[in-house]
file target.cif (mmCIF, C-alpha atoms)
data_target
loop_
_atom_site.label_atom_id
_atom_site.label_comp_id
_atom_site.auth_asym_id
_atom_site.auth_seq_id
_atom_site.Cartn_x
_atom_site.Cartn_y
_atom_site.Cartn_z
CA MET A 1464 3.71 9.34 -24.22
CA LYS A 1465 0.18 8.00 -23.85
CA ILE A 1466 1.48 4.80 -22.28
CA ILE A 1467 3.53 6.77 -19.73
CA ARG A 1468 0.51 8.88 -18.92
CA ILE A 1469 -1.66 5.80 -18.33
CA ALA A 1470 1.06 4.14 -16.27
CA THR A 1471 1.06 7.10 -13.89
CA VAL A 1472 -2.68 6.86 -13.31
CA ALA A 1473 -2.65 3.07 -13.14
CA LEU A 1474 -0.62 3.04 -9.95
CA MET A 1475 -3.20 5.17 -8.19
CA VAL A 1476 -6.00 2.85 -9.25
CA VAL A 1477 -4.21 -0.34 -8.27
CA VAL A 1478 -3.39 0.89 -4.81
CA MET A 1479 -6.60 2.72 -4.06
CA ALA A 1480 -9.14 0.39 -5.63
CA SER A 1481 -7.83 -2.49 -3.60
CA CYS A 1482 -6.80 -0.99 -0.30
CA ALA A 1483 -10.08 0.37 0.98
CA SER A 1484 -9.91 0.86 4.72
CA LYS A 1485 -12.92 1.90 6.77
CA LYS A 1486 -12.36 4.10 9.81
CA HIS A 1487 -13.26 1.53 12.44
CA ILE A 1488 -11.19 -0.49 14.85
CA VAL A 1489 -11.54 -4.16 14.01
CA GLN A 1490 -12.20 -6.59 16.81
CA THR A 1491 -10.99 -10.16 16.55
CA ASN A 1492 -13.81 -12.70 16.29
CA GLU A 1493 -12.41 -15.07 18.85
CA PRO A 1494 -14.64 -17.77 20.40
CA THR A 1495 -15.85 -17.32 23.97
CA PRO A 1496 -13.24 -18.87 26.27
CA VAL A 1497 -14.26 -22.16 27.84
CA SER A 1498 -13.13 -22.73 31.40
CA PRO A 1499 -10.59 -25.56 31.33
CA THR A 1500 -10.82 -28.45 33.77
CA LYS A 1501 -7.15 -29.38 33.79
CA GLY A 1502 -4.05 -27.38 34.59
CA GLU A 1503 -2.26 -28.53 31.46
CA VAL A 1504 -5.01 -27.02 29.27
CA VAL A 1505 -4.52 -23.66 30.96
CA ASP A 1506 -0.78 -23.89 30.37
CA ALA A 1507 -1.24 -24.82 26.71
CA ALA A 1508 -3.58 -21.89 26.07
CA ALA A 1509 -1.28 -19.49 27.89
CA LEU A 1510 1.74 -20.78 25.97
CA LEU A 1511 -0.02 -20.36 22.63
CA ARG A 1512 -0.97 -16.81 23.51
CA GLN A 1513 2.62 -16.04 24.50
CA GLN A 1514 3.87 -17.43 21.20
CA GLN A 1515 1.31 -15.40 19.24
CA THR A 1516 2.23 -12.23 21.10
CA ALA A 1517 5.94 -12.83 20.57
CA PHE A 1518 5.45 -13.36 16.82
CA PHE A 1519 3.27 -10.27 16.48
CA THR A 1520 5.85 -8.21 18.38
CA LYS A 1521 8.63 -9.52 16.13
CA VAL A 1522 6.74 -8.57 12.97
CA LYS A 1523 5.73 -5.17 14.36
CA SER A 1524 9.29 -4.35 15.46
CA ASN A 1525 10.60 -4.82 11.90
CA ALA A 1526 9.06 -1.52 10.81
CA THR A 1527 11.81 0.86 9.71
CA ASN A 1528 12.83 3.72 12.00
CA ALA A 1529 13.57 5.99 9.04
CA ASP A 1530 11.52 9.16 8.65
CA ASN A 1531 12.37 9.44 4.95
CA ILE A 1532 12.83 6.78 2.27
CA THR A 1533 13.96 7.85 -1.19
CA GLY A 1534 15.58 6.29 -4.22
CA LYS A 1535 15.66 5.83 -7.96
CA ILE A 1536 13.30 3.16 -9.27
CA ASP A 1537 12.35 1.07 -12.28
CA PHE A 1538 8.58 1.14 -12.67
CA ASN A 1539 6.98 -1.70 -14.61
CA LEU A 1540 3.33 -1.93 -15.68
CA LYS A 1541 1.65 -5.02 -17.14
CA SER A 1542 -1.96 -4.92 -18.32
CA GLY A 1543 -3.24 -7.27 -20.98
CA SER A 1544 -0.72 -7.28 -23.80
CA LYS A 1545 1.03 -4.15 -22.53
CA ASP A 1546 4.31 -4.48 -20.68
CA ILE A 1547 6.23 -1.24 -20.19
CA THR A 1548 9.08 -0.13 -17.96
CA VAL A 1549 10.12 3.43 -17.18
CA GLY A 1550 12.49 4.98 -14.70
CA GLY A 1551 11.63 7.33 -11.90
CA LYS A 1552 11.88 8.13 -8.21
CA LEU A 1553 10.11 7.04 -5.04
CA MET A 1554 10.05 9.62 -2.25
CA MET A 1555 8.28 8.97 1.05
CA ARG A 1556 8.13 10.89 4.30
CA ARG A 1557 6.61 9.20 7.34
CA ASP A 1558 3.03 10.28 8.13
CA ASP A 1559 3.23 12.95 5.45
CA VAL A 1560 3.60 11.95 1.79
CA ILE A 1561 4.15 9.14 -0.71
CA ARG A 1562 5.34 10.38 -4.10
CA ILE A 1563 6.18 8.49 -7.29
CA GLN A 1564 7.77 10.32 -10.21
CA LEU A 1565 7.93 8.69 -13.65
CA SER A 1566 10.37 9.66 -16.38
CA VAL A 1567 10.34 9.62 -20.19
CA PRO A 1568 12.53 6.70 -21.38
CA LEU A 1569 16.00 7.68 -22.63
CA ILE A 1570 15.34 11.41 -22.20
CA GLY A 1571 15.01 11.29 -18.42
CA MET A 1572 12.50 14.16 -18.27
CA GLU A 1573 9.70 13.75 -15.72
CA ALA A 1574 6.52 12.57 -17.42
CA GLY A 1575 4.16 12.17 -14.50
CA ARG A 1576 3.85 12.41 -10.76
CA LEU A 1577 1.60 10.73 -8.22
CA GLU A 1578 1.43 12.32 -4.77
CA PHE A 1579 -0.46 10.98 -1.74
CA THR A 1580 -0.55 13.18 1.36
CA LYS A 1581 -2.66 12.99 4.51
CA ASP A 1582 -4.94 15.70 3.08
CA TYR A 1583 -5.12 15.14 -0.68
CA VAL A 1584 -4.25 13.02 -3.68
CA MET A 1585 -2.71 14.58 -6.78
CA ILE A 1586 -1.78 13.14 -10.16
CA VAL A 1587 0.28 15.33 -12.47
CA ASP A 1588 0.64 14.74 -16.21
CA ARG A 1589 3.73 16.74 -17.16
CA ILE A 1590 3.45 15.91 -20.86
CA HIS A 1591 -0.07 17.29 -21.29
CA THR A 1592 0.14 19.80 -18.40
CA GLU A 1593 -2.93 18.35 -16.68
CA TYR A 1594 -3.56 17.33 -13.10
CA ILE A 1595 -6.10 15.83 -10.71
CA LYS A 1596 -6.23 16.99 -7.10
CA GLY A 1597 -8.73 16.50 -4.30
CA ASP A 1598 -9.06 15.32 -0.74
CA TYR A 1599 -10.10 11.79 0.01
CA ASN A 1600 -13.77 12.74 0.38
CA GLN A 1601 -14.10 15.11 -2.59
CA ILE A 1602 -13.17 12.50 -5.18
CA ASP A 1603 -16.01 9.97 -5.44
CA PHE A 1604 -13.71 7.13 -6.45
CA LEU A 1605 -11.70 7.57 -3.25
CA LYS A 1606 -14.69 8.25 -1.01
CA ASN A 1607 -16.62 5.20 -2.19
CA ASN A 1608 -13.64 2.96 -1.46
CA GLY A 1609 -12.92 4.47 1.97
CA ILE A 1610 -9.32 5.33 1.11
CA ASP A 1611 -7.02 5.95 4.07
CA PHE A 1612 -3.52 7.45 3.76
CA TYR A 1613 -2.14 5.35 6.58
CA ALA A 1614 -3.24 2.10 4.95
CA LEU A 1615 -1.36 3.09 1.79
CA GLN A 1616 1.66 4.06 3.86
CA ALA A 1617 1.68 0.69 5.61
CA LEU A 1618 1.63 -1.15 2.27
CA PHE A 1619 4.49 0.91 0.85
CA TRP A 1620 6.47 0.82 4.10
CA ASN A 1621 6.00 -2.95 4.63
CA MET A 1622 4.13 -2.63 7.93
CA LEU A 1623 1.08 -3.96 9.75
CA PHE A 1624 -1.83 -1.57 10.22
CA VAL A 1625 -5.32 -1.30 11.67
CA PRO A 1626 -7.79 0.48 9.37
CA GLY A 1627 -8.59 3.97 10.61
CA GLU A 1628 -5.60 4.15 12.97
CA ALA A 1629 -2.48 6.18 12.21
CA HIS A 1630 -0.21 3.85 14.20
CA LEU A 1631 -0.33 0.56 16.04
CA SER A 1632 -0.83 0.85 19.79
CA ASP A 1633 -0.26 -1.47 22.74
CA ASN A 1634 -3.81 -2.73 22.27
CA SER A 1635 -3.52 -3.31 18.52
CA LEU A 1636 -2.83 -7.01 18.99
CA ASN A 1637 -6.50 -7.48 19.88
CA ALA A 1638 -7.50 -6.42 16.35
CA PHE A 1639 -5.61 -9.28 14.70
CA THR A 1640 -5.83 -13.05 14.51
CA ILE A 1641 -2.43 -14.73 14.69
CA ASN A 1642 -2.27 -18.02 12.78
CA LEU A 1643 1.04 -19.62 13.78
CA GLN A 1644 2.36 -22.28 11.41
CA PRO A 1645 5.51 -23.55 13.16
CA ASP A 1646 6.07 -26.35 10.64
CA ALA A 1647 6.15 -23.90 7.72
CA ASN A 1648 8.52 -21.07 6.79
CA GLN A 1649 5.87 -18.42 7.35
CA SER A 1650 2.89 -17.69 9.56
CA ALA A 1651 -0.15 -15.49 8.92
CA ILE A 1652 -1.63 -12.45 10.62
CA THR A 1653 -5.20 -11.66 9.57
CA LEU A 1654 -7.77 -8.93 10.09
CA ASN A 1655 -11.39 -8.79 8.87
CA LYS A 1656 -14.06 -6.12 8.79
CA GLY A 1657 -17.26 -6.27 6.78
CA SER A 1658 -16.40 -6.85 3.12
CA MET A 1659 -12.69 -6.21 3.73
CA SER A 1660 -10.10 -8.82 4.63
CA TYR A 1661 -6.36 -8.42 5.19
CA ASN A 1662 -3.74 -11.16 5.36
CA TRP A 1663 -0.04 -10.68 6.08
CA GLN A 1664 2.47 -13.48 5.53
CA ALA A 1665 5.64 -13.13 7.60
CA GLU A 1666 8.72 -15.32 7.99
CA ASN A 1667 8.80 -17.31 11.23
CA ASN A 1668 12.52 -16.75 11.80
CA THR A 1669 12.86 -13.07 10.93
CA GLY A 1670 9.32 -11.73 11.19
CA LEU A 1671 9.74 -9.96 7.84
CA ILE A 1672 6.49 -9.42 5.93
CA THR A 1673 6.84 -11.01 2.50
CA GLN A 1674 3.27 -10.68 1.24
CA THR A 1675 0.09 -8.75 2.01
CA ASP A 1676 -3.29 -9.71 0.56
CA VAL A 1677 -6.17 -7.24 0.65
CA GLU A 1678 -9.58 -8.32 -0.61
CA TYR A 1679 -12.85 -6.45 -0.99
CA GLY A 1680 -16.23 -8.10 -1.64
CA LYS A 1681 -14.99 -11.66 -1.26
CA GLY A 1682 -17.31 -14.12 -2.95
CA LYS A 1683 -19.40 -11.38 -4.54
CA ALA A 1684 -19.71 -9.82 -7.96
CA GLY A 1685 -17.42 -6.83 -8.02
CA ASN A 1686 -14.72 -8.61 -6.03
CA THR A 1687 -11.33 -6.86 -5.98
CA LYS A 1688 -8.09 -8.36 -4.68
CA LEU A 1689 -4.66 -6.83 -4.29
CA THR A 1690 -1.56 -8.89 -3.58
CA CYS A 1691 1.54 -6.99 -2.48
CA THR A 1692 4.74 -9.00 -2.50
CA TYR A 1693 8.06 -7.81 -1.08
CA GLY A 1694 11.59 -8.94 -1.87
CA ASP A 1695 15.30 -8.09 -1.99
CA PHE A 1696 15.45 -6.82 1.60
CA LYS A 1697 18.32 -4.43 2.31
CA SER A 1698 19.57 -2.60 5.37
CA LEU A 1699 17.99 0.82 5.91
CA ALA A 1700 18.34 2.80 9.14
CA GLY A 1701 19.23 -0.35 11.06
CA LYS A 1702 16.28 -2.39 9.75
CA GLN A 1703 15.59 -4.57 6.72
CA PHE A 1704 13.50 -2.87 4.02
CA PRO A 1705 12.29 -4.39 0.72
CA ALA A 1706 13.86 -2.92 -2.40
CA ASN A 1707 11.27 -4.70 -4.57
CA LEU A 1708 7.51 -4.20 -4.34
CA THR A 1709 4.98 -5.85 -6.64
CA LEU A 1710 1.31 -4.83 -6.70
CA ASP A 1711 -0.94 -7.32 -8.46
CA MET A 1712 -4.60 -6.36 -8.72
CA MET A 1713 -7.48 -8.39 -10.07
CA THR A 1714 -11.00 -6.95 -10.15
CA SER A 1715 -14.39 -7.92 -11.47
CA ALA A 1716 -15.85 -4.55 -10.44
CA THR A 1717 -15.56 -3.27 -14.02
CA LYS A 1718 -17.49 -4.25 -17.15
CA LYS A 1719 -14.57 -6.45 -18.13
CA ALA A 1720 -12.51 -8.24 -15.51
CA LYS A 1721 -9.15 -6.53 -15.17
CA GLN A 1722 -5.72 -7.52 -13.99
CA ILE A 1723 -3.01 -4.92 -13.57
CA LYS A 1724 0.43 -5.71 -12.24
CA ILE A 1725 2.91 -3.05 -11.15
CA GLY A 1726 6.49 -3.62 -10.11
CA ILE A 1727 8.62 -1.06 -8.29
CA LYS A 1728 12.31 -1.87 -8.04
CA MET A 1729 14.45 0.49 -6.01
CA LYS A 1730 17.85 0.79 -7.66
CA SER A 1731 19.07 2.94 -4.80
CA MET A 1732 17.77 3.47 -1.28
CA ASN A 1733 18.56 6.18 1.25
CA THR A 1734 17.06 8.33 3.99
CA ASP A 1735 17.61 11.72 2.37
CA SER A 1736 15.47 14.45 3.97
CA ASP A 1737 16.54 17.35 1.76
CA TRP A 1738 13.50 17.54 -0.52
CA GLU A 1739 10.24 19.46 -0.67
CA PRO A 1740 7.26 17.27 0.36
CA ARG A 1741 4.63 19.24 -1.58
CA THR A 1742 4.34 19.76 -5.34
CA THR A 1743 3.59 23.28 -6.60
CA LEU A 1744 2.19 23.68 -10.12
CA SER A 1745 2.26 26.71 -12.38
CA LYS A 1746 -0.91 28.25 -13.83
CA LYS A 1747 -0.36 26.51 -17.16
CA TYR A 1748 -1.58 23.21 -15.67
CA LYS A 1749 -5.24 22.38 -16.27
CA ALA A 1750 -7.38 20.50 -13.75
CA VAL A 1751 -9.16 17.45 -15.22
CA SER A 1752 -11.83 15.08 -13.91
CA VAL A 1753 -10.84 11.83 -12.25
CA ASP A 1754 -13.78 10.20 -14.03
CA ASP A 1755 -12.23 11.06 -17.41
CA VAL A 1756 -8.96 9.49 -16.37
CA MET A 1757 -10.71 6.38 -15.05
CA LYS A 1758 -12.53 5.93 -18.36
CA LYS A 1759 -9.22 6.09 -20.24
CA LEU A 1760 -7.69 3.58 -17.86
CA MET A 1761 -10.59 1.12 -18.08
CA ASN A 1762 -10.21 1.17 -21.87
CA LEU A 1763 -6.66 -0.17 -21.61
#
call {"tool": "encode", "arguments": {"input": "target.cif", "output": "structure tokens"}}
result
Amino acid sequence: MKIIRIATVALMVVVMASCASKKHIVQTNEPTPVSPTKGEVVDAAALLRQQQTAFFTKVKSNATNADNITGKIDFNLKSGSKDITVGGKLMMRRDDVIRIQLSVPLIGMEAGRLEFTKDYVMIVDRIHTEYIKGDYNQIDFLKNNGIDFYALQALFWNMLFVPGEAHLSDNSLNAFTINLQPDANQSAITLNKGSMSYNWQAENNTGLITQTDVEYGKGKAGNTKLTCTYGDFKSLAGKQFPANLTLDMMTSATKKAKQIKIGIKMKSMNTDSDWEPRTTLSKKYKAVSVDDVMKKLMNL
């Protein structure tokens, strides 16, 4: 039961500790244009820009049109010598909530629940009837890392995003650097701001995002890096959506360097909307400190 309890909390830490997003629009650090002297140079620059725009549009247009994504999952956690797998459910509603429910092996009873909404984060330990709940500014761990719901949503929904913005706009292209690699299978889209860097790898032919790298404090003590990889794409609401998501976090921001790897495999996938997006707890549940939970996790 203790392992299941820790697994529930671990997902929150992996996602949030590595996906800090400050509420600023990032501007691309492009060099000052130099006036060309020949017509062919103008044409080459214009052509490159057209190709970059076309690739960005292709990647952006792959975002699913579904308002709800739900399904049964296998949830795997690896940390040090620990390697556990439990069943559960993933339930997401666009611009509203991301919920992961974990079950007790063999029994099937819900053991824990992690719920991200636009207004709060809640972790529920069903086994010990405890919970953590607070908005993104009330919980120091979240506040200090500049957590943003829409950044988390983009990672889980396999989409591009600009930190601090709910959705991409017509001007969002200016926030990114497009690194076309026509001789390779994939090209890169990058975004940088302060100590944060984001890198999306997308297939040249399909525009599907196969990997997202988020790094905080690059080259410094306390560096944290999250690699999200996506696979087993399946049709969902007319688009391709990854049934497999792997979150691999490495951090030196703790006393001992940590690596935690989480795998979420969707065994089923649908757009069911008949479910309640908010969890209601009875009075028997006791509120606990996020710091206490973090200490338990760091002792893994």
call {"tool": "resolve_selection", "arguments": {"input": "target.cif", "expression": "the PyMOL selection byres ((chain A and resi 1660) around 6)", "output": "PDB file with C-alpha atoms, in the coordinates of the input"}}
result
ATOM      1  CA  LEU A1654      -7.770  -8.930  10.090  1.00  0.00           C
ATOM      2  CA  ASN A1655     -11.390  -8.790   8.870  1.00  0.00           C
ATOM      3  CA  MET A1659     -12.690  -6.210   3.730  1.00  0.00           C
ATOM      4  CA  TYR A1661      -6.360  -8.420   5.190  1.00  0.00           C
ATOM      5  CA  VAL A1677      -6.170  -7.240   0.650  1.00  0.00           C
ATOM      6  CA  GLU A1678      -9.580  -8.320  -0.610  1.00  0.00           C
TER       7      GLU A1678
END
call {"tool": "closest_residue", "arguments": {"input": "target.cif", "among": "A:Tyr1613, A:Phe1519, A:Phe1639, A:Phe1538", "to": "Val1560 (chain A)", "atoms": "all atoms listed in the file"}}
result
A:Tyr1613
call {"tool": "resolve_selection", "arguments": {"input": "target.cif", "expression": "the PyMOL selection byres ((chain A and resi 1548) around 6)", "output": "PyMOL selection string"}}
result
chain A and resi 1538-1539+1547+1549
call {"tool": "resolve_selection", "arguments": {"input": "target.cif", "expression": "the PyMOL selection byres ((chain A and resi 1618) around 12)", "output": "PyMOL selection string"}}
result
chain A and resi 1478-1479+1481-1484+1526+1561+1611-1617+1619-1626+1661-1663+1672-1677+1689-1693+1705+1708-1710
call {"tool": "write_last_selection", "arguments": {"input": "target.cif", "atoms": "C-alpha atoms", "output": "mmCIF file, in the coordinates of the input"}}
result
data_model
loop_
_atom_site.group_PDB
_atom_site.id
_atom_site.type_symbol
_atom_site.label_atom_id
_atom_site.label_comp_id
_atom_site.auth_asym_id
_atom_site.auth_seq_id
_atom_site.Cartn_x
_atom_site.Cartn_y
_atom_site.Cartn_z
ATOM 1 C CA VAL A 1478 -3.390 0.890 -4.810
ATOM 2 C CA MET A 1479 -6.600 2.720 -4.060
ATOM 3 C CA SER A 1481 -7.830 -2.490 -3.600
ATOM 4 C CA CYS A 1482 -6.800 -0.990 -0.300
ATOM 5 C CA ALA A 1483 -10.080 0.370 0.980
ATOM 6 C CA SER A 1484 -9.910 0.860 4.720
ATOM 7 C CA ALA A 1526 9.060 -1.520 10.810
ATOM 8 C CA ILE A 1561 4.150 9.140 -0.710
ATOM 9 C CA ASP A 1611 -7.020 5.950 4.070
ATOM 10 C CA PHE A 1612 -3.520 7.450 3.760
ATOM 11 C CA TYR A 1613 -2.140 5.350 6.580
ATOM 12 C CA ALA A 1614 -3.240 2.100 4.950
ATOM 13 C CA LEU A 1615 -1.360 3.090 1.790
ATOM 14 C CA GLN A 1616 1.660 4.060 3.860
ATOM 15 C CA ALA A 1617 1.680 0.690 5.610
ATOM 16 C CA PHE A 1619 4.490 0.910 0.850
ATOM 17 C CA TRP A 1620 6.470 0.820 4.100
ATOM 18 C CA ASN A 1621 6.000 -2.950 4.630
ATOM 19 C CA MET A 1622 4.130 -2.630 7.930
ATOM 20 C CA LEU A 1623 1.080 -3.960 9.750
ATOM 21 C CA PHE A 1624 -1.830 -1.570 10.220
ATOM 22 C CA VAL A 1625 -5.320 -1.300 11.670
ATOM 23 C CA PRO A 1626 -7.790 0.480 9.370
ATOM 24 C CA TYR A 1661 -6.360 -8.420 5.190
ATOM 25 C CA ASN A 1662 -3.740 -11.160 5.360
ATOM 26 C CA TRP A 1663 -0.040 -10.680 6.080
ATOM 27 C CA ILE A 1672 6.490 -9.420 5.930
ATOM 28 C CA THR A 1673 6.840 -11.010 2.500
ATOM 29 C CA GLN A 1674 3.270 -10.680 1.240
ATOM 30 C CA THR A 1675 0.090 -8.750 2.010
ATOM 31 C CA ASP A 1676 -3.290 -9.710 0.560
ATOM 32 C CA VAL A 1677 -6.170 -7.240 0.650
ATOM 33 C CA LEU A 1689 -4.660 -6.830 -4.290
ATOM 34 C CA THR A 1690 -1.560 -8.890 -3.580
ATOM 35 C CA CYS A 1691 1.540 -6.990 -2.480
ATOM 36 C CA THR A 1692 4.740 -9.000 -2.500
ATOM 37 C CA TYR A 1693 8.060 -7.810 -1.080
ATOM 38 C CA PRO A 1705 12.290 -4.390 0.720
ATOM 39 C CA LEU A 1708 7.510 -4.200 -4.340
ATOM 40 C CA THR A 1709 4.980 -5.850 -6.640
ATOM 41 C CA LEU A 1710 1.310 -4.830 -6.700
#
call {"tool": "residues_around", "arguments": {"input": "target.cif", "residues": "Leu1671 (chain A)", "least_positions_apart": "5", "cutoff": "7 Å", "atoms": "only C-alpha atoms", "output": "MDAnalysis selection string"}}
result
chainID A and resid 1522 1525 1665:1666
call {"tool": "closest_residue", "arguments": {"input": "target.cif", "among": "A:Pro1740, A:Pro1568, A:Gly1680, A:Gly1575", "to": "Ser1658 (chain A)", "atoms": "all atoms listed in the file"}}
result
A:Gly1680
call {"tool": "atom_distance", "arguments": {"input": "target.cif", "atom1": "CA of Lys1545 (chain A)", "atom2": "CA of Glu1573 (chain A)"}}
result
21.0 Å
call {"tool": "axis_aligned_box", "arguments": {"input": "target.cif", "around": "region 1696-1699 of chain A", "padding_each_side": "8 Å", "output": "lines of an AutoDock Vina configuration file"}}
result
center_x = 17.5
center_y = -3.0
center_z = 3.8
size_x = 20.1
size_y = 23.6
size_z = 20.3
call {"tool": "atom_distance", "arguments": {"input": "target.cif", "atom1": "CA of Asn1531 (chain A)", "atom2": "CA of Glu1739 (chain A)"}}
result
11.7 Å
call {"tool": "closest_residue", "arguments": {"input": "target.cif", "among": "A:Thr1734, A:Thr1653, A:Gly1550, A:Lys1728", "to": "Ile1570 (chain A)", "atoms": "only C-alpha atoms"}}
result
A:Gly1550
call {"tool": "closest_residue", "arguments": {"input": "target.cif", "among": "A:Ile1641, A:Asn1668, A:Ile1586, A:Thr1743", "to": "Thr1516 (chain A)", "atoms": "all atoms listed in the file"}}
result
A:Ile1641
call {"tool": "build_atoms", "arguments": {"input": "target.cif", "residues": "region 1503-1520 of chain A", "atoms": "N, CA and C atoms", "output": "PDB file, in the frame of the given file"}}
result
ATOM      1  N   GLU A1503      -3.054 -28.501  32.683  1.00  0.00           N
ATOM      2  CA  GLU A1503      -2.260 -28.530  31.460  1.00  0.00           C
ATOM      3  C   GLU A1503      -2.957 -27.789  30.320  1.00  0.00           C
ATOM      4  N   VAL A1504      -4.285 -27.750  30.309  1.00  0.00           N
ATOM      5  CA  VAL A1504      -5.010 -27.020  29.270  1.00  0.00           C
ATOM      6  C   VAL A1504      -4.772 -25.531  29.430  1.00  0.00           C
ATOM      7  N   VAL A1505      -4.794 -25.066  30.680  1.00  0.00           N
ATOM      8  CA  VAL A1505      -4.520 -23.660  30.960  1.00  0.00           C
ATOM      9  C   VAL A1505      -3.127 -23.301  30.481  1.00  0.00           C
ATOM     10  N   ASP A1506      -2.163 -24.140  30.765  1.00  0.00           N
ATOM     11  CA  ASP A1506      -0.780 -23.890  30.370  1.00  0.00           C
ATOM     12  C   ASP A1506      -0.638 -23.848  28.860  1.00  0.00           C
ATOM     13  N   ALA A1507      -1.330 -24.772  28.167  1.00  0.00           N
ATOM     14  CA  ALA A1507      -1.240 -24.820  26.710  1.00  0.00           C
ATOM     15  C   ALA A1507      -1.814 -23.565  26.080  1.00  0.00           C
ATOM     16  N   ALA A1508      -2.956 -23.102  26.600  1.00  0.00           N
ATOM     17  CA  ALA A1508      -3.580 -21.890  26.070  1.00  0.00           C
ATOM     18  C   ALA A1508      -2.715 -20.679  26.334  1.00  0.00           C
ATOM     19  N   ALA A1509      -2.139 -20.619  27.531  1.00  0.00           N
ATOM     20  CA  ALA A1509      -1.280 -19.490  27.890  1.00  0.00           C
ATOM     21  C   ALA A1509      -0.015 -19.482  27.023  1.00  0.00           C
ATOM     22  N   LEU A1510       0.537 -20.678  26.786  1.00  0.00           N
ATOM     23  CA  LEU A1510       1.740 -20.780  25.970  1.00  0.00           C
ATOM     24  C   LEU A1510       1.470 -20.325  24.537  1.00  0.00           C
ATOM     25  N   LEU A1511       0.337 -20.762  23.988  1.00  0.00           N
ATOM     26  CA  LEU A1511      -0.020 -20.360  22.630  1.00  0.00           C
ATOM     27  C   LEU A1511      -0.156 -18.849  22.537  1.00  0.00           C
ATOM     28  N   ARG A1512      -0.808 -18.259  23.527  1.00  0.00           N
ATOM     29  CA  ARG A1512      -0.970 -16.810  23.510  1.00  0.00           C
ATOM     30  C   ARG A1512       0.369 -16.106  23.602  1.00  0.00           C
ATOM     31  N   GLN A1513       1.278 -16.628  24.397  1.00  0.00           N
ATOM     32  CA  GLN A1513       2.620 -16.040  24.500  1.00  0.00           C
ATOM     33  C   GLN A1513       3.347 -16.117  23.162  1.00  0.00           C
ATOM     34  N   GLN A1514       3.214 -17.250  22.493  1.00  0.00           N
ATOM     35  CA  GLN A1514       3.870 -17.430  21.200  1.00  0.00           C
ATOM     36  C   GLN A1514       3.273 -16.475  20.152  1.00  0.00           C
ATOM     37  N   GLN A1515       1.958 -16.313  20.178  1.00  0.00           N
ATOM     38  CA  GLN A1515       1.310 -15.400  19.240  1.00  0.00           C
ATOM     39  C   GLN A1515       1.751 -13.965  19.482  1.00  0.00           C
ATOM     40  N   THR A1516       1.803 -13.588  20.744  1.00  0.00           N
ATOM     41  CA  THR A1516       2.230 -12.230  21.100  1.00  0.00           C
ATOM     42  C   THR A1516       3.670 -11.982  20.690  1.00  0.00           C
ATOM     43  N   ALA A1517       4.526 -12.974  20.916  1.00  0.00           N
ATOM     44  CA  ALA A1517       5.940 -12.830  20.570  1.00  0.00           C
ATOM     45  C   ALA A1517       6.110 -12.680  19.056  1.00  0.00           C
ATOM     46  N   PHE A1518       5.346 -13.451  18.280  1.00  0.00           N
ATOM     47  CA  PHE A1518       5.450 -13.360  16.820  1.00  0.00           C
ATOM     48  C   PHE A1518       4.937 -12.011  16.335  1.00  0.00           C
ATOM     49  N   PHE A1519       3.820 -11.569  16.868  1.00  0.00           N
ATOM     50  CA  PHE A1519       3.270 -10.270  16.480  1.00  0.00           C
ATOM     51  C   PHE A1519       4.273  -9.155  16.797  1.00  0.00           C
ATOM     52  N   THR A1520       4.874  -9.217  17.973  1.00  0.00           N
ATOM     53  CA  THR A1520       5.850  -8.210  18.380  1.00  0.00           C
ATOM     54  C   THR A1520       7.061  -8.210  17.450  1.00  0.00           C
TER      55      THR A1520
END
